[in-house]
$ cat input.cif   # mmCIF, C-alpha atoms
data_work
#
loop_
_atom_site.label_atom_id
_atom_site.label_comp_id
_atom_site.auth_asym_id
_atom_site.auth_seq_id
_atom_site.Cartn_x
_atom_site.Cartn_y
_atom_site.Cartn_z
CA MET A 1 -44.08 17.81 20.39
CA LYS A 2 -43.02 17.26 23.99
CA CYS A 3 -39.84 15.82 25.50
CA ASP A 4 -39.93 12.04 26.06
CA ILE A 5 -38.56 12.48 29.59
CA CYS A 6 -40.42 15.60 30.80
CA ASP A 7 -43.28 17.77 29.56
CA LYS A 8 -41.15 20.62 28.16
CA PRO A 9 -41.28 21.30 24.43
CA ALA A 10 -38.82 19.12 22.47
CA VAL A 11 -36.18 20.88 20.38
CA VAL A 12 -34.17 17.82 19.34
CA HIS A 13 -35.89 15.18 17.24
CA GLU A 14 -33.75 12.17 16.42
CA VAL A 15 -34.83 9.24 14.28
CA THR A 16 -32.61 6.14 14.11
CA ILE A 17 -33.21 2.92 12.26
CA ALA A 18 -31.29 -0.10 13.50
CA HIS A 19 -31.88 -3.61 12.18
CA GLY A 20 -35.09 -2.45 10.54
CA VAL A 21 -36.49 -1.00 13.77
CA LYS A 22 -37.33 2.70 13.75
CA LYS A 23 -36.72 4.59 16.99
CA GLU A 24 -37.71 8.22 17.58
CA VAL A 25 -36.34 10.35 20.42
CA HIS A 26 -37.64 13.81 21.29
CA LEU A 27 -35.70 15.81 23.89
CA CYS A 28 -35.90 19.25 25.44
CA ILE A 29 -32.83 21.49 25.70
CA ASP A 30 -31.87 20.29 29.18
CA HIS A 31 -32.16 16.57 28.45
CA ALA A 32 -30.41 16.96 25.07
CA ARG A 33 -27.42 18.58 26.82
CA GLU A 34 -27.35 15.75 29.36
CA ALA A 35 -27.37 13.21 26.54
CA GLY A 36 -24.51 15.07 24.81
CA VAL A 37 -26.52 15.90 21.71
CA ALA A 38 -25.32 18.96 19.82
CA MET A 39 -27.90 21.67 19.98
CA PRO A 40 -29.09 23.15 16.70
CA GLY A 41 -28.17 26.81 16.32
CA GLN A 42 -25.94 26.79 19.40
CA GLN A 43 -22.70 25.49 17.92
CA PRO A 44 -19.66 27.73 17.86
CA GLY A 45 -19.29 29.58 14.57
CA ASN A 46 -16.00 28.01 13.54
CA LYS A 47 -17.33 24.47 13.96
CA LEU A 48 -20.43 25.35 12.00
CA LEU A 49 -18.34 26.85 9.21
CA SER A 50 -16.04 23.84 9.14
CA LYS A 51 -19.05 21.54 8.69
CA ILE A 52 -20.31 23.68 5.83
CA SER A 53 -16.93 23.86 4.09
CA GLY A 54 -16.50 20.09 4.27
CA SER A 55 -13.37 19.73 6.39
CA GLY A 56 -11.93 21.18 9.53
CA LYS A 57 -8.45 21.49 8.01
CA PRO A 58 -7.31 24.93 6.96
CA THR A 59 -6.68 25.29 3.26
CA VAL A 60 -3.07 25.77 2.21
CA MET A 61 -2.48 28.49 -0.34
CA ALA A 62 -0.41 27.44 -3.32
CA PRO A 63 2.83 29.40 -3.65
CA ARG A 64 2.76 32.34 -6.01
CA CYS A 65 5.54 34.12 -7.83
CA PRO A 66 6.64 37.14 -5.75
CA GLU A 67 7.19 39.24 -8.88
CA CYS A 68 4.05 38.68 -10.98
CA GLY A 69 1.72 36.75 -8.61
CA THR A 70 1.26 33.81 -11.00
CA SER A 71 0.44 30.47 -9.35
CA PHE A 72 1.74 27.15 -10.60
CA ALA A 73 -1.84 26.09 -11.37
CA GLN A 74 -2.06 29.03 -13.79
CA VAL A 75 1.25 28.02 -15.39
CA ARG A 76 -0.04 24.48 -15.93
CA GLN A 77 -3.41 25.64 -17.22
CA HIS A 78 -2.11 28.17 -19.74
CA SER A 79 1.33 26.63 -20.42
CA LEU A 80 2.85 30.09 -20.00
CA ILE A 81 5.40 31.29 -17.46
CA GLY A 82 4.51 34.68 -15.99
CA CYS A 83 7.99 36.22 -15.66
CA PRO A 84 11.67 35.23 -15.26
CA ALA A 85 11.26 34.96 -11.47
CA CYS A 86 8.68 32.18 -12.00
CA TYR A 87 11.50 29.83 -13.06
CA ASP A 88 13.13 30.20 -9.63
CA THR A 89 9.85 30.12 -7.71
CA PHE A 90 8.52 26.99 -9.42
CA GLU A 91 11.88 25.29 -10.06
CA GLU A 92 10.97 21.87 -8.63
CA PRO A 93 7.43 21.44 -10.03
CA LEU A 94 8.49 22.92 -13.39
CA GLY A 95 11.35 20.42 -13.57
CA ARG A 96 8.97 17.52 -13.02
CA LEU A 97 6.53 18.94 -15.58
CA ILE A 98 9.22 19.42 -18.23
CA GLU A 99 10.70 16.00 -17.57
CA ARG A 100 7.30 14.37 -18.00
CA ALA A 101 6.60 16.35 -21.18
CA GLN A 102 10.00 15.53 -22.70
CA ALA A 103 9.90 11.78 -21.98
CA GLY A 104 12.44 11.95 -19.18
CA ALA A 105 14.87 14.43 -20.74
CA THR A 106 15.84 17.27 -18.43
CA HIS A 107 18.41 19.10 -20.58
CA HIS A 108 18.01 20.67 -23.97
CA ILE A 109 20.12 18.94 -26.59
CA GLY A 110 18.93 20.66 -29.73
CA ARG A 111 18.06 19.25 -33.12
CA GLY A 112 21.55 18.61 -34.40
CA VAL A 113 24.51 20.31 -32.86
CA ALA A 114 27.22 21.03 -35.44
CA ASN A 115 30.10 21.29 -32.96
CA GLU A 116 29.01 18.57 -30.56
CA ASP A 117 31.83 17.16 -28.42
CA SER A 118 32.41 13.41 -28.28
CA GLN A 119 31.06 12.97 -24.75
CA SER A 120 27.76 14.71 -25.59
CA LYS A 121 27.50 12.67 -28.79
CA ARG A 122 28.04 9.44 -26.85
CA GLN A 123 25.45 10.43 -24.22
CA ARG A 124 22.92 11.31 -26.94
CA GLU A 125 23.57 8.00 -28.67
CA GLU A 126 23.16 6.09 -25.39
CA ARG A 127 19.82 7.81 -24.72
CA GLN A 128 18.57 6.97 -28.19
CA LEU A 129 19.69 3.36 -27.82
CA MET A 130 18.01 3.08 -24.41
CA GLN A 131 14.74 4.29 -25.92
CA ALA A 132 15.13 1.84 -28.81
CA LEU A 133 15.83 -0.94 -26.29
CA ALA A 134 12.69 -0.14 -24.33
CA THR A 135 10.65 -0.14 -27.54
CA ALA A 136 12.12 -3.46 -28.67
CA LEU A 137 11.40 -5.06 -25.30
CA SER A 138 7.83 -3.77 -25.25
CA ARG A 139 7.28 -5.24 -28.73
CA GLU A 140 8.92 -8.50 -27.60
CA GLN A 141 11.69 -8.19 -30.22
CA TYR A 142 14.29 -9.89 -28.07
CA GLU A 143 16.93 -10.45 -30.75
CA ARG A 144 16.89 -6.77 -31.66
CA ALA A 145 16.97 -5.90 -27.95
CA ALA A 146 20.08 -8.05 -27.50
CA GLU A 147 21.82 -6.23 -30.37
CA ILE A 148 20.92 -2.87 -28.89
CA ARG A 149 22.10 -4.00 -25.45
CA ASP A 150 25.47 -5.02 -26.91
CA ARG A 151 25.81 -1.65 -28.66
CA ILE A 152 25.02 0.17 -25.38
CA SER A 153 27.66 -1.85 -23.52
CA GLN A 154 30.22 -1.02 -26.26
CA LEU A 155 29.42 2.69 -25.90
CA SER A 156 29.63 2.65 -22.11
CA GLN A 157 32.98 0.80 -22.17
CA ALA A 158 34.51 3.28 -24.62
CA THR A 159 36.36 6.11 -22.92
CA PRO A 160 36.14 9.66 -24.25
CA GLU A 161 39.69 9.37 -25.69
CA GLU A 162 38.79 6.23 -27.68
CA THR A 163 35.66 7.88 -29.04
CA THR A 164 37.64 10.97 -30.08
CA GLU A 165 40.26 8.81 -31.84
CA GLY A 166 37.52 6.87 -33.60
CA ASP A 167 35.93 10.14 -34.81
CA LYS A 168 39.24 11.37 -36.28
CA ALA A 169 39.96 8.15 -38.19
#
$ encode --input "input.cif" --output "C-alpha cells"
Amino acid sequence: MKCDICDKPAVVHEVTIAHGVKKEVHLCIDHAREAGVAMPGQQPGNKLLSKISGSGKPTVMAPRCPECGTSFAQVRQHSLIGCPACYDTFEEPLGRLIERAQAGATHHIGRGVANEDSQSKRQREERQLMQALATALSREQYERAAEIRDRISQLSQATPEETTEGDKA
C-alpha cells in the first residue's frame, strides 16, 4: 500500500471509527513523523518495555528482613515469622495484623492471671463490658445496653484505691 500523501510505501496504517464513519490513513515514514505518529519498531527500549509491563512506574520492592530475607507477604501467607529480627523489621504491619486478628487487642492478657493487679482487672473488665455493649447495641437490646453502660461508668469512676479496698472486703 502507498502513502496517502505521496507515492512512497506506507508503513503506518491507522483505522479510526468516529460516529460510525470508518476512516483509514496510510502514511510513509516521513509523513508519519510529521504527523507525530509513533513509528513501529523505532521506539526507545525503555518506553517499549514500559508499555509491555503495563505501567511506566518503577516497582517498589517490599522490605525484607535483613537477617533471614523473609518478606511480609511471606509472613502473611504462611503465618510464620522467619526469625527474631522479623519482629523489629515488620513491627508496624505486624501490629496491625495482630490487632485485626485479636479483635482490637494489642497486648496479651492471658487466660486467667492468678496474681492480676486491680488496675489490670479493671481494664480487662472494661474491655469485656465494651464488647458486651457493642453486641447489645447491634442486637438492639437497648435496656441491656443501658445496664452495661452504667456498669462501665461505675468502673471508670472507681479509682485504683477504691477497687483494691473493694477486693479486700
$ atom_distance --input "input.cif" --atom1 "CA of Lys8 (chain A)" --atom2 "CA of His31 (chain A)"
9.9 Å
$ residues_around --input "input.cif" --residues "region 87-96 of chain A" --least-positions-apart "2" --cutoff "8 Å" --atoms "all atoms listed in the file" --output "list in words"
Arg64, Cys65, Pro66, Phe72, Ile81, Cys83, Pro84, Ala85, Ile98, Glu99, Arg100 and Thr106 of chain A
$ atom_distance --input "input.cif" --atom1 "CA of Asp7 (chain A)" --atom2 "CA of His26 (chain A)"
10.8 Å
$ atom_distance --input "input.cif" --atom1 "CA of Gln119 (chain A)" --atom2 "CA of Gln102 (chain A)"
21.3 Å
$ closest_residue --input "input.cif" --among "A:Val75, A:Leu97, A:Leu155, A:Cys6" --to "Gln123 (chain A)" --atoms "only C-alpha atoms"
A:Leu155
$ residues_around --input "input.cif" --residues "Ile29 (chain A)" --least-positions-apart "3" --cutoff "8 Å" --atoms "only C-alpha atoms" --output "list of chain:residue names"
A:Ala10, A:Val11, A:Val12, A:Ala32, A:Arg33, A:Met39
$ decode --input "input.cif" --residues "region 8-38 of chain A" --atoms "N, CA and C atoms" --output "PDB file, in the first residue's frame"
ATOM      1  N   LYS A   8       5.340   6.964  -1.807  1.00  0.00           N
ATOM      2  CA  LYS A   8       6.248   6.057  -1.095  1.00  0.00           C
ATOM      3  C   LYS A   8       5.427   4.949  -0.434  1.00  0.00           C
ATOM      4  N   PRO A   9       6.083   3.829  -0.122  1.00  0.00           N
ATOM      5  CA  PRO A   9       5.341   2.753   0.549  1.00  0.00           C
ATOM      6  C   PRO A   9       4.920   3.178   1.969  1.00  0.00           C
ATOM      7  N   ALA A  10       3.696   2.872   2.338  1.00  0.00           N
ATOM      8  CA  ALA A  10       3.157   3.238   3.653  1.00  0.00           C
ATOM      9  C   ALA A  10       3.623   2.236   4.706  1.00  0.00           C
ATOM     10  N   VAL A  11       4.049   2.754   5.841  1.00  0.00           N
ATOM     11  CA  VAL A  11       4.464   1.893   6.960  1.00  0.00           C
ATOM     12  C   VAL A  11       3.523   2.026   8.146  1.00  0.00           C
ATOM     13  N   VAL A  12       2.738   3.090   8.173  1.00  0.00           N
ATOM     14  CA  VAL A  12       1.766   3.303   9.241  1.00  0.00           C
ATOM     15  C   VAL A  12       0.380   3.197   8.631  1.00  0.00           C
ATOM     16  N   HIS A  13      -0.425   2.332   9.186  1.00  0.00           N
ATOM     17  CA  HIS A  13      -1.797   2.135   8.722  1.00  0.00           C
ATOM     18  C   HIS A  13      -2.701   2.357   9.931  1.00  0.00           C
ATOM     19  N   GLU A  14      -3.492   3.395   9.882  1.00  0.00           N
ATOM     20  CA  GLU A  14      -4.339   3.750  11.018  1.00  0.00           C
ATOM     21  C   GLU A  14      -5.797   3.721  10.582  1.00  0.00           C
ATOM     22  N   VAL A  15      -6.608   3.032  11.361  1.00  0.00           N
ATOM     23  CA  VAL A  15      -8.038   2.949  11.089  1.00  0.00           C
ATOM     24  C   VAL A  15      -8.757   3.537  12.297  1.00  0.00           C
ATOM     25  N   THR A  16      -9.581   4.557  12.070  1.00  0.00           N
ATOM     26  CA  THR A  16     -10.378   5.156  13.141  1.00  0.00           C
ATOM     27  C   THR A  16     -11.841   5.119  12.741  1.00  0.00           C
ATOM     28  N   ILE A  17     -12.674   4.906  13.737  1.00  0.00           N
ATOM     29  CA  ILE A  17     -14.116   4.911  13.508  1.00  0.00           C
ATOM     30  C   ILE A  17     -14.705   5.955  14.444  1.00  0.00           C
ATOM     31  N   ALA A  18     -15.286   6.984  13.865  1.00  0.00           N
ATOM     32  CA  ALA A  18     -15.888   8.068  14.634  1.00  0.00           C
ATOM     33  C   ALA A  18     -17.307   8.277  14.148  1.00  0.00           C
ATOM     34  N   HIS A  19     -18.248   8.191  15.064  1.00  0.00           N
ATOM     35  CA  HIS A  19     -19.667   8.379  14.756  1.00  0.00           C
ATOM     36  C   HIS A  19     -20.120   7.437  13.637  1.00  0.00           C
ATOM     37  N   GLY A  20     -19.608   6.232  13.670  1.00  0.00           N
ATOM     38  CA  GLY A  20     -19.996   5.224  12.686  1.00  0.00           C
ATOM     39  C   GLY A  20     -19.331   5.359  11.333  1.00  0.00           C
ATOM     40  N   VAL A  21     -18.415   6.306  11.195  1.00  0.00           N
ATOM     41  CA  VAL A  21     -17.721   6.519   9.928  1.00  0.00           C
ATOM     42  C   VAL A  21     -16.295   5.980  10.063  1.00  0.00           C
ATOM     43  N   LYS A  22     -15.943   5.075   9.161  1.00  0.00           N
ATOM     44  CA  LYS A  22     -14.618   4.465   9.173  1.00  0.00           C
ATOM     45  C   LYS A  22     -13.678   5.309   8.322  1.00  0.00           C
ATOM     46  N   LYS A  23     -12.490   5.613   8.903  1.00  0.00           N
ATOM     47  CA  LYS A  23     -11.512   6.415   8.178  1.00  0.00           C
ATOM     48  C   LYS A  23     -10.164   5.699   8.247  1.00  0.00           C
ATOM     49  N   GLU A  24      -9.556   5.475   7.086  1.00  0.00           N
ATOM     50  CA  GLU A  24      -8.260   4.810   7.006  1.00  0.00           C
ATOM     51  C   GLU A  24      -7.217   5.814   6.558  1.00  0.00           C
ATOM     52  N   VAL A  25      -6.049   5.782   7.226  1.00  0.00           N
ATOM     53  CA  VAL A  25      -4.934   6.648   6.860  1.00  0.00           C
ATOM     54  C   VAL A  25      -3.714   5.767   6.677  1.00  0.00           C
ATOM     55  N   HIS A  26      -3.006   5.957   5.576  1.00  0.00           N
ATOM     56  CA  HIS A  26      -1.786   5.219   5.278  1.00  0.00           C
ATOM     57  C   HIS A  26      -0.692   6.252   5.047  1.00  0.00           C
ATOM     58  N   LEU A  27       0.394   6.169   5.843  1.00  0.00           N
ATOM     59  CA  LEU A  27       1.459   7.162   5.752  1.00  0.00           C
ATOM     60  C   LEU A  27       2.822   6.498   5.620  1.00  0.00           C
ATOM     61  N   CYS A  28       3.704   7.183   4.916  1.00  0.00           N
ATOM     62  CA  CYS A  28       5.098   6.734   4.829  1.00  0.00           C
ATOM     63  C   CYS A  28       5.825   7.202   6.081  1.00  0.00           C
ATOM     64  N   ILE A  29       7.088   6.851   6.204  1.00  0.00           N
ATOM     65  CA  ILE A  29       7.867   7.197   7.399  1.00  0.00           C
ATOM     66  C   ILE A  29       7.942   8.709   7.585  1.00  0.00           C
ATOM     67  N   ASP A  30       8.228   9.434   6.518  1.00  0.00           N
ATOM     68  CA  ASP A  30       8.395  10.880   6.613  1.00  0.00           C
ATOM     69  C   ASP A  30       7.108  11.577   7.045  1.00  0.00           C
ATOM     70  N   HIS A  31       5.997  11.235   6.403  1.00  0.00           N
ATOM     71  CA  HIS A  31       4.726  11.881   6.729  1.00  0.00           C
ATOM     72  C   HIS A  31       4.199  11.437   8.102  1.00  0.00           C
ATOM     73  N   ALA A  32       4.512  10.233   8.522  1.00  0.00           N
ATOM     74  CA  ALA A  32       4.110   9.769   9.856  1.00  0.00           C
ATOM     75  C   ALA A  32       4.838  10.574  10.931  1.00  0.00           C
ATOM     76  N   ARG A  33       6.138  10.844  10.712  1.00  0.00           N
ATOM     77  CA  ARG A  33       6.905  11.653  11.663  1.00  0.00           C
ATOM     78  C   ARG A  33       6.335  13.067  11.723  1.00  0.00           C
ATOM     79  N   GLU A  34       5.991  13.635  10.579  1.00  0.00           N
ATOM     80  CA  GLU A  34       5.414  14.977  10.548  1.00  0.00           C
ATOM     81  C   GLU A  34       4.090  15.020  11.304  1.00  0.00           C
ATOM     82  N   ALA A  35       3.316  13.971  11.189  1.00  0.00           N
ATOM     83  CA  ALA A  35       2.022  13.905  11.871  1.00  0.00           C
ATOM     84  C   ALA A  35       2.174  13.584  13.355  1.00  0.00           C
ATOM     85  N   GLY A  36       3.385  13.195  13.792  1.00  0.00           N
ATOM     86  CA  GLY A  36       3.614  12.886  15.198  1.00  0.00           C
ATOM     87  C   GLY A  36       3.186  11.488  15.581  1.00  0.00           C
ATOM     88  N   VAL A  37       3.079  10.616  14.622  1.00  0.00           N
ATOM     89  CA  VAL A  37       2.680   9.236  14.882  1.00  0.00           C
ATOM     90  C   VAL A  37       3.915   8.458  15.307  1.00  0.00           C
ATOM     91  N   ALA A  38       3.796   7.677  16.352  1.00  0.00           N
ATOM     92  CA  ALA A  38       4.915   6.851  16.816  1.00  0.00           C
ATOM     93  C   ALA A  38       5.187   5.777  15.781  1.00  0.00           C
TER      94      ALA A  38
END
